[in-house]
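As C-alpha coordinates, the structure follows; a few thoughts come after it.
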Amino acid sequence: MSKENKPVPGSELLDRGWHLARTPLEIDVTEVEYALMRSYEAFGRWQAECLATVIEFSATGAENALLHVIRMNDRPKTIHDLAHMTNREDIPNIQYSLRKLIKGGFVKRTGSGRTGVTYEVTPLGHRVTERYADIRSVLLIDAVTRVPDLAAKLADAAHTLELVTGIYEQAARAAATHRRRHPQLDPEANGY
(Lines give C-alpha, C1' and ligand atoms only; values in the text may rest on other atoms or scores of the structure.)
Protein backbone atom coordinates (compact mmCIF):
# COMPACT_ATOMS: atom_id res chain seq x y z
CA MET A 1 0.00 0.00 0.00
CA SER A 2 1.46 3.37 -1.02
CA LYS A 3 1.89 6.20 1.44
CA GLU A 4 -0.96 8.10 -0.27
CA ASN A 5 -3.44 5.21 0.17
CA LYS A 6 -2.80 4.54 3.85
CA PRO A 7 -5.76 5.47 6.03
CA VAL A 8 -5.34 8.37 8.40
CA PRO A 9 -4.76 7.04 11.93
CA GLY A 10 -8.03 7.03 13.83
CA SER A 11 -10.15 7.50 10.68
CA GLU A 12 -11.79 4.12 11.27
CA LEU A 13 -13.34 5.66 14.38
CA LEU A 14 -15.26 8.18 12.28
CA ASP A 15 -18.72 7.46 10.90
CA ARG A 16 -18.37 8.61 7.29
CA GLY A 17 -21.60 7.01 6.09
CA TRP A 18 -24.89 8.79 5.54
CA HIS A 19 -27.73 8.63 3.01
CA LEU A 20 -25.43 9.72 0.16
CA ALA A 21 -22.50 7.59 1.32
CA ARG A 22 -23.51 3.97 1.79
CA THR A 23 -20.59 2.18 0.11
CA PRO A 24 -16.85 2.93 0.23
CA LEU A 25 -17.00 4.45 -3.29
CA GLU A 26 -20.08 6.53 -2.40
CA ILE A 27 -18.24 7.73 0.71
CA ASP A 28 -15.25 8.84 -1.37
CA VAL A 29 -17.43 10.58 -3.99
CA THR A 30 -19.51 12.27 -1.29
CA GLU A 31 -16.43 13.51 0.52
CA VAL A 32 -15.18 15.04 -2.74
CA GLU A 33 -18.58 16.67 -3.29
CA TYR A 34 -18.61 18.03 0.24
CA ALA A 35 -15.06 19.35 -0.22
CA LEU A 36 -16.13 20.97 -3.51
CA MET A 37 -19.03 22.72 -1.79
CA ARG A 38 -16.78 24.05 0.94
CA SER A 39 -14.09 25.04 -1.58
CA TYR A 40 -16.63 26.84 -3.75
CA GLU A 41 -17.88 28.86 -0.79
CA ALA A 42 -14.33 29.64 0.40
CA PHE A 43 -13.39 30.67 -3.14
CA GLY A 44 -16.40 33.01 -3.33
CA ARG A 45 -15.51 34.60 0.00
CA TRP A 46 -11.90 35.00 -1.13
CA GLN A 47 -13.00 36.71 -4.35
CA ALA A 48 -15.33 39.10 -2.53
CA GLU A 49 -12.72 40.01 0.09
CA CYS A 50 -9.95 40.47 -2.45
CA LEU A 51 -12.16 42.77 -4.53
CA ALA A 52 -13.18 44.69 -1.41
CA THR A 53 -9.46 45.25 -0.75
CA VAL A 54 -9.20 46.91 -4.17
CA ILE A 55 -12.38 48.99 -4.27
CA GLU A 56 -15.46 49.60 -2.18
CA PHE A 57 -17.95 47.58 -4.22
CA SER A 58 -20.13 44.78 -2.96
CA ALA A 59 -19.93 41.85 -5.36
CA THR A 60 -20.52 38.15 -4.98
CA GLY A 61 -17.83 35.68 -5.94
CA ALA A 62 -19.77 34.88 -9.12
CA GLU A 63 -19.97 38.56 -10.07
CA ASN A 64 -16.27 38.99 -9.42
CA ALA A 65 -15.51 35.91 -11.52
CA LEU A 66 -17.65 37.33 -14.33
CA LEU A 67 -15.66 40.57 -14.24
CA HIS A 68 -12.40 38.66 -14.66
CA VAL A 69 -13.80 36.43 -17.41
CA ILE A 70 -14.94 39.54 -19.27
CA ARG A 71 -11.40 40.92 -18.91
CA MET A 72 -9.83 37.58 -20.01
CA ASN A 73 -7.68 38.08 -23.13
CA ASP A 74 -8.86 41.72 -23.24
CA ARG A 75 -11.54 41.03 -25.86
CA PRO A 76 -15.30 41.66 -25.81
CA LYS A 77 -17.61 38.75 -24.98
CA THR A 78 -21.27 38.02 -25.61
CA ILE A 79 -23.54 36.85 -22.85
CA HIS A 80 -23.45 33.40 -24.46
CA ASP A 81 -19.63 33.46 -24.37
CA LEU A 82 -19.81 34.27 -20.66
CA ALA A 83 -22.34 31.52 -19.96
CA HIS A 84 -20.27 28.99 -21.91
CA MET A 85 -16.96 29.99 -20.36
CA THR A 86 -18.34 29.81 -16.81
CA ASN A 87 -20.46 26.66 -17.44
CA ARG A 88 -23.62 28.49 -16.40
CA GLU A 89 -27.14 28.29 -17.79
CA ASP A 90 -28.74 30.96 -15.61
CA ILE A 91 -28.80 33.77 -18.19
CA PRO A 92 -31.16 36.00 -16.11
CA ASN A 93 -28.69 35.88 -13.18
CA ILE A 94 -25.78 36.63 -15.51
CA GLN A 95 -27.76 39.57 -16.91
CA TYR A 96 -28.39 40.85 -13.37
CA SER A 97 -24.66 40.59 -12.58
CA LEU A 98 -23.79 42.40 -15.80
CA ARG A 99 -26.17 45.26 -14.95
CA LYS A 100 -24.53 45.50 -11.53
CA LEU A 101 -21.02 45.56 -13.02
CA ILE A 102 -22.13 48.17 -15.59
CA LYS A 103 -23.70 50.33 -12.87
CA GLY A 104 -20.44 50.06 -10.87
CA GLY A 105 -18.54 51.37 -13.89
CA PHE A 106 -16.43 48.22 -14.40
CA VAL A 107 -18.03 46.90 -17.59
CA LYS A 108 -19.57 48.50 -20.64
CA ARG A 109 -22.09 47.08 -23.06
CA THR A 110 -21.67 47.71 -26.77
CA GLY A 111 -23.75 46.78 -29.80
CA SER A 112 -27.43 46.03 -30.08
CA GLY A 113 -29.84 43.24 -30.86
CA ARG A 114 -29.74 39.69 -29.63
CA THR A 115 -26.47 38.68 -31.25
CA GLY A 116 -24.67 42.00 -31.51
CA VAL A 117 -24.30 42.83 -27.80
CA THR A 118 -20.87 42.39 -26.24
CA TYR A 119 -19.37 43.26 -22.88
CA GLU A 120 -15.89 44.50 -22.07
CA VAL A 121 -14.16 46.11 -19.14
CA THR A 122 -13.95 49.87 -18.85
CA PRO A 123 -10.72 51.67 -17.95
CA LEU A 124 -11.86 51.48 -14.30
CA GLY A 125 -12.56 47.76 -14.71
CA HIS A 126 -9.09 47.32 -16.18
CA ARG A 127 -7.45 49.12 -13.24
CA VAL A 128 -9.52 47.16 -10.70
CA THR A 129 -8.71 43.79 -12.27
CA GLU A 130 -5.01 44.69 -12.46
CA ARG A 131 -4.94 45.69 -8.79
CA TYR A 132 -6.90 42.53 -7.91
CA ALA A 133 -4.24 40.47 -9.73
CA ASP A 134 -1.51 42.24 -7.74
CA ILE A 135 -3.19 41.55 -4.39
CA ARG A 136 -3.99 37.98 -5.47
CA SER A 137 -0.33 37.44 -6.22
CA VAL A 138 0.78 38.73 -2.82
CA LEU A 139 -1.85 36.96 -0.72
CA LEU A 140 -2.88 33.82 -2.60
CA ILE A 141 -0.07 32.86 -4.94
CA ASP A 142 2.52 33.47 -2.23
CA ALA A 143 0.54 31.19 0.12
CA VAL A 144 0.43 28.47 -2.56
CA THR A 145 4.21 28.61 -3.01
CA ARG A 146 4.68 28.05 0.74
CA VAL A 147 2.88 24.67 0.72
CA PRO A 148 5.38 21.96 -0.28
CA ASP A 149 4.57 20.32 -3.62
CA LEU A 150 1.23 22.13 -3.98
CA ALA A 151 2.26 24.11 -7.05
CA ALA A 152 3.25 20.87 -8.79
CA LYS A 153 -0.12 19.29 -7.98
CA LEU A 154 -2.27 22.16 -9.23
CA ALA A 155 -2.18 21.13 -12.91
CA ASP A 156 -3.28 17.61 -11.96
CA ALA A 157 -6.00 19.02 -9.71
CA ALA A 158 -7.33 21.26 -12.51
CA HIS A 159 -7.32 18.32 -14.93
CA THR A 160 -9.12 16.10 -12.41
CA LEU A 161 -11.74 18.79 -11.75
CA GLU A 162 -12.34 19.14 -15.50
CA LEU A 163 -12.85 15.37 -15.77
CA VAL A 164 -15.23 15.37 -12.80
CA THR A 165 -17.12 18.31 -14.35
CA GLY A 166 -17.64 16.23 -17.49
CA ILE A 167 -18.90 13.30 -15.44
CA TYR A 168 -21.37 15.54 -13.60
CA GLU A 169 -22.53 17.06 -16.91
CA GLN A 170 -23.17 13.61 -18.38
CA ALA A 171 -24.91 12.43 -15.22
CA ALA A 172 -27.10 15.56 -15.28
CA ARG A 173 -28.10 14.84 -18.90
CA ALA A 174 -28.88 11.23 -18.00
CA ALA A 175 -30.94 12.33 -14.98
CA ALA A 176 -32.89 14.77 -17.17
CA THR A 177 -33.52 11.97 -19.68
CA HIS A 178 -34.89 9.64 -17.02
CA ARG A 179 -36.89 12.23 -15.11
CA ARG A 180 -40.40 11.07 -14.28
CA ARG A 181 -43.38 12.80 -12.81
CA HIS A 182 -43.77 12.03 -9.16
CA PRO A 183 -46.88 12.58 -7.12
CA GLN A 184 -46.45 14.98 -4.24
CA LEU A 185 -44.86 13.14 -1.35
CA ASP A 186 -47.62 12.25 1.07
CA PRO A 187 -46.24 10.62 4.22
CA GLU A 188 -49.45 8.72 4.88
CA ALA A 189 -50.04 7.54 1.31
CA ASN A 190 -46.42 6.45 0.80
CA GLY A 191 -45.95 4.73 4.15
CA TYR A 192 -43.42 7.23 5.56
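Naming works like this for the C-alpha coordinates: A, B, ... for the chains as they're shown, residue 1 at the start of each chain, ligands 1 onward in shown order.
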Looking only at helix (DSSP H, G or I) from DSSP on the backbone, list the matching residues of chain A as JSON, numbers by chain. {"A": [3, 4, 5, 11, 12, 13, 24, 25, 26, 27, 28, 29, 30, 31, 32, 33, 34, 35, 36, 37, 38, 39, 40, 41, 42, 43, 44, 45, 46, 47, 48, 49, 50, 51, 52, 53, 54, 61, 62, 63, 64, 65, 66, 67, 68, 69, 70, 71, 72, 73, 74, 79, 80, 81, 82, 83, 84, 85, 86, 91, 92, 93, 94, 95, 96, 97, 98, 99, 100, 101, 102, 103, 123, 124, 125, 126, 127, 128, 129, 130, 131, 132, 133, 134, 135, 136, 137, 138, 139, 140, 141, 142, 143, 144, 145, 150, 151, 152, 153, 154, 155, 156, 157, 158, 159, 160, 161, 162, 163, 164, 165, 166, 167, 168, 169, 170, 171, 172, 173, 174, 175, 176, 177]}
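Near stretch 129-141 of chain A, within 9 Å and counting only C-alpha atoms, sit Cys50, Leu51, Thr53, Val54, Leu67, His68, Arg71, Leu124, Gly125, His126, Val144, Thr145 and Arg146 of chain A; same-chain residues fewer than 3 positions away were not included.
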Test item: residues at most 12 Å from A:Glu56, only C-alpha atoms, excluding those fewer than 6 positions along its chain, as a PyMOL selection string: chain A and resi 48-50+104+128
Can I get the selected residues back with N, CA and C atoms, as a PDB file, in the first residue's frame?
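Below is the file again-v7.pdb, written as the result:
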```pdb
ATOM      1  N   ALA A  48     -14.652  37.906  -3.044  1.00  0.00           N
ATOM      2  CA  ALA A  48     -15.335  39.098  -2.535  1.00  0.00           C
ATOM      3  C   ALA A  48     -14.393  39.930  -1.668  1.00  0.00           C
ATOM      4  N   GLU A  49     -13.636  39.278  -0.794  1.00  0.00           N
ATOM      5  CA  GLU A  49     -12.722  40.005   0.092  1.00  0.00           C
ATOM      6  C   GLU A  49     -11.564  40.634  -0.676  1.00  0.00           C
ATOM      7  N   CYS A  50     -11.051  39.918  -1.659  1.00  0.00           N
ATOM      8  CA  CYS A  50      -9.948  40.474  -2.447  1.00  0.00           C
ATOM      9  C   CYS A  50     -10.428  41.695  -3.218  1.00  0.00           C
ATOM     10  N   GLY A 104     -21.644  49.765 -11.648  1.00  0.00           N
ATOM     11  CA  GLY A 104     -20.439  50.056 -10.874  1.00  0.00           C
ATOM     12  C   GLY A 104     -19.345  50.705 -11.694  1.00  0.00           C
ATOM     13  N   VAL A 128      -9.080  47.988 -11.828  1.00  0.00           N
ATOM     14  CA  VAL A 128      -9.519  47.161 -10.699  1.00  0.00           C
ATOM     15  C   VAL A 128      -9.024  45.728 -10.870  1.00  0.00           C
TER      16      VAL A 128
END
```
When DSSP works through the backbone of this structure, what residues of chain A end up as strand (DSSP E or B), shown as a CSV table (one decimal) with all heavy atoms, in the first residue's frame?
```csv
chain,number,residue,atom,x,y,z
A,18,TRP,N,-23.6,8.1,5.4
A,18,TRP,CA,-24.9,8.8,5.5
A,18,TRP,C,-25.7,8.4,4.3
A,18,TRP,O,-25.3,7.6,3.5
A,18,TRP,CB,-24.7,10.3,5.8
A,18,TRP,CG,-23.9,11.1,4.9
A,18,TRP,CD1,-22.6,10.9,4.5
A,18,TRP,CD2,-24.2,12.3,4.2
A,18,TRP,NE1,-22.1,11.8,3.7
A,18,TRP,CE2,-23.1,12.7,3.5
A,18,TRP,CE3,-25.4,13.0,4.1
A,18,TRP,CZ2,-23.1,13.9,2.7
A,18,TRP,CZ3,-25.4,14.2,3.4
A,18,TRP,CH2,-24.3,14.6,2.6
A,21,ALA,N,-23.8,8.3,1.2
A,21,ALA,CA,-22.5,7.6,1.3
A,21,ALA,C,-22.7,6.2,2.0
A,21,ALA,O,-22.3,6.0,3.1
A,21,ALA,CB,-21.5,8.5,2.1
A,77,LYS,N,-16.9,40.0,-25.0
A,77,LYS,CA,-17.6,38.7,-25.0
A,77,LYS,C,-19.1,38.9,-25.0
A,77,LYS,O,-19.6,39.9,-24.4
A,77,LYS,CB,-17.2,38.0,-23.7
A,77,LYS,CG,-15.7,37.6,-23.8
A,77,LYS,CD,-15.1,37.1,-22.6
A,77,LYS,CE,-13.6,36.9,-22.7
A,77,LYS,NZ,-12.9,38.1,-22.7
A,107,VAL,N,-17.8,47.6,-16.3
A,107,VAL,CA,-18.0,46.9,-17.6
A,107,VAL,C,-18.9,47.8,-18.4
A,107,VAL,O,-19.7,48.6,-17.9
A,107,VAL,CB,-18.8,45.6,-17.3
A,107,VAL,CG1,-19.3,44.9,-18.6
A,107,VAL,CG2,-17.9,44.6,-16.6
A,108,LYS,N,-18.7,47.8,-19.7
A,108,LYS,CA,-19.6,48.5,-20.6
A,108,LYS,C,-20.2,47.5,-21.7
A,108,LYS,O,-19.5,46.5,-22.0
A,108,LYS,CB,-18.8,49.6,-21.3
A,108,LYS,CG,-17.8,49.2,-22.3
A,108,LYS,CD,-17.1,50.4,-23.0
A,108,LYS,CE,-16.0,50.0,-23.9
A,108,LYS,NZ,-15.4,51.1,-24.5
A,109,ARG,N,-21.3,47.9,-22.1
A,109,ARG,CA,-22.1,47.1,-23.1
A,109,ARG,C,-22.0,47.8,-24.4
A,109,ARG,O,-22.2,49.0,-24.4
A,109,ARG,CB,-23.5,47.0,-22.6
A,109,ARG,CG,-24.4,46.3,-23.6
A,109,ARG,CD,-25.9,46.3,-23.1
A,109,ARG,NE,-26.7,46.0,-24.3
A,109,ARG,CZ,-27.9,45.6,-24.2
A,109,ARG,NH1,-28.5,45.5,-23.0
A,109,ARG,NH2,-28.6,45.3,-25.3
A,110,THR,N,-21.7,47.1,-25.5
A,110,THR,CA,-21.7,47.7,-26.8
A,110,THR,C,-22.5,46.9,-27.7
A,110,THR,O,-22.7,45.7,-27.5
A,110,THR,CB,-20.2,47.8,-27.3
A,110,THR,OG1,-19.6,46.5,-27.3
A,110,THR,CG2,-19.4,48.8,-26.5
A,118,THR,N,-22.1,42.9,-26.9
A,118,THR,CA,-20.9,42.4,-26.2
A,118,THR,C,-20.6,43.2,-25.0
A,118,THR,O,-21.1,44.3,-24.8
A,118,THR,CB,-19.6,42.4,-27.2
A,118,THR,OG1,-19.4,43.7,-27.6
A,118,THR,CG2,-19.9,41.5,-28.4
A,119,TYR,N,-19.8,42.6,-24.1
A,119,TYR,CA,-19.4,43.3,-22.9
A,119,TYR,C,-17.9,43.3,-22.8
A,119,TYR,O,-17.2,42.3,-23.2
A,119,TYR,CB,-20.0,42.5,-21.7
A,119,TYR,CG,-21.5,42.5,-21.7
A,119,TYR,CD1,-22.1,41.4,-22.4
A,119,TYR,CD2,-22.2,43.5,-21.2
A,119,TYR,CE1,-23.5,41.4,-22.5
A,119,TYR,CE2,-23.6,43.4,-21.2
A,119,TYR,CZ,-24.2,42.4,-21.9
A,119,TYR,OH,-25.6,42.4,-22.0
A,120,GLU,N,-17.3,44.4,-22.3
A,120,GLU,CA,-15.9,44.5,-22.1
A,120,GLU,C,-15.6,45.4,-20.9
A,120,GLU,O,-16.5,46.2,-20.5
A,120,GLU,CB,-15.2,45.0,-23.3
A,120,GLU,CG,-15.6,46.4,-23.8
A,120,GLU,CD,-15.0,46.7,-25.1
A,120,GLU,OE1,-13.8,46.8,-25.2
A,120,GLU,OE2,-15.8,47.0,-26.1
A,121,VAL,N,-14.5,45.3,-20.3
A,121,VAL,CA,-14.2,46.1,-19.1
A,121,VAL,C,-13.9,47.5,-19.6
A,121,VAL,O,-13.4,47.8,-20.7
A,121,VAL,CB,-13.0,45.6,-18.3
A,121,VAL,CG1,-13.3,44.2,-17.7
A,121,VAL,CG2,-11.7,45.5,-19.1
```
For a test of reading the model, state the distance in Å between atom CA of A:Thr23 and atom CA of A:Ala172, rounded to one decimal.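 Interatomic distance here is 21.4 Å.
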What is the distance, in Å and to one decimal place, between atom CA of A:Val117 and atom CA of A:Ile102?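 Between atom CA of A:Val117 and atom CA of A:Ile102 the gap is 13.5 Å.
Interatomic distance, atom CA of A:Asn64 against atom CA of A:Ser97: 9.1 Å.
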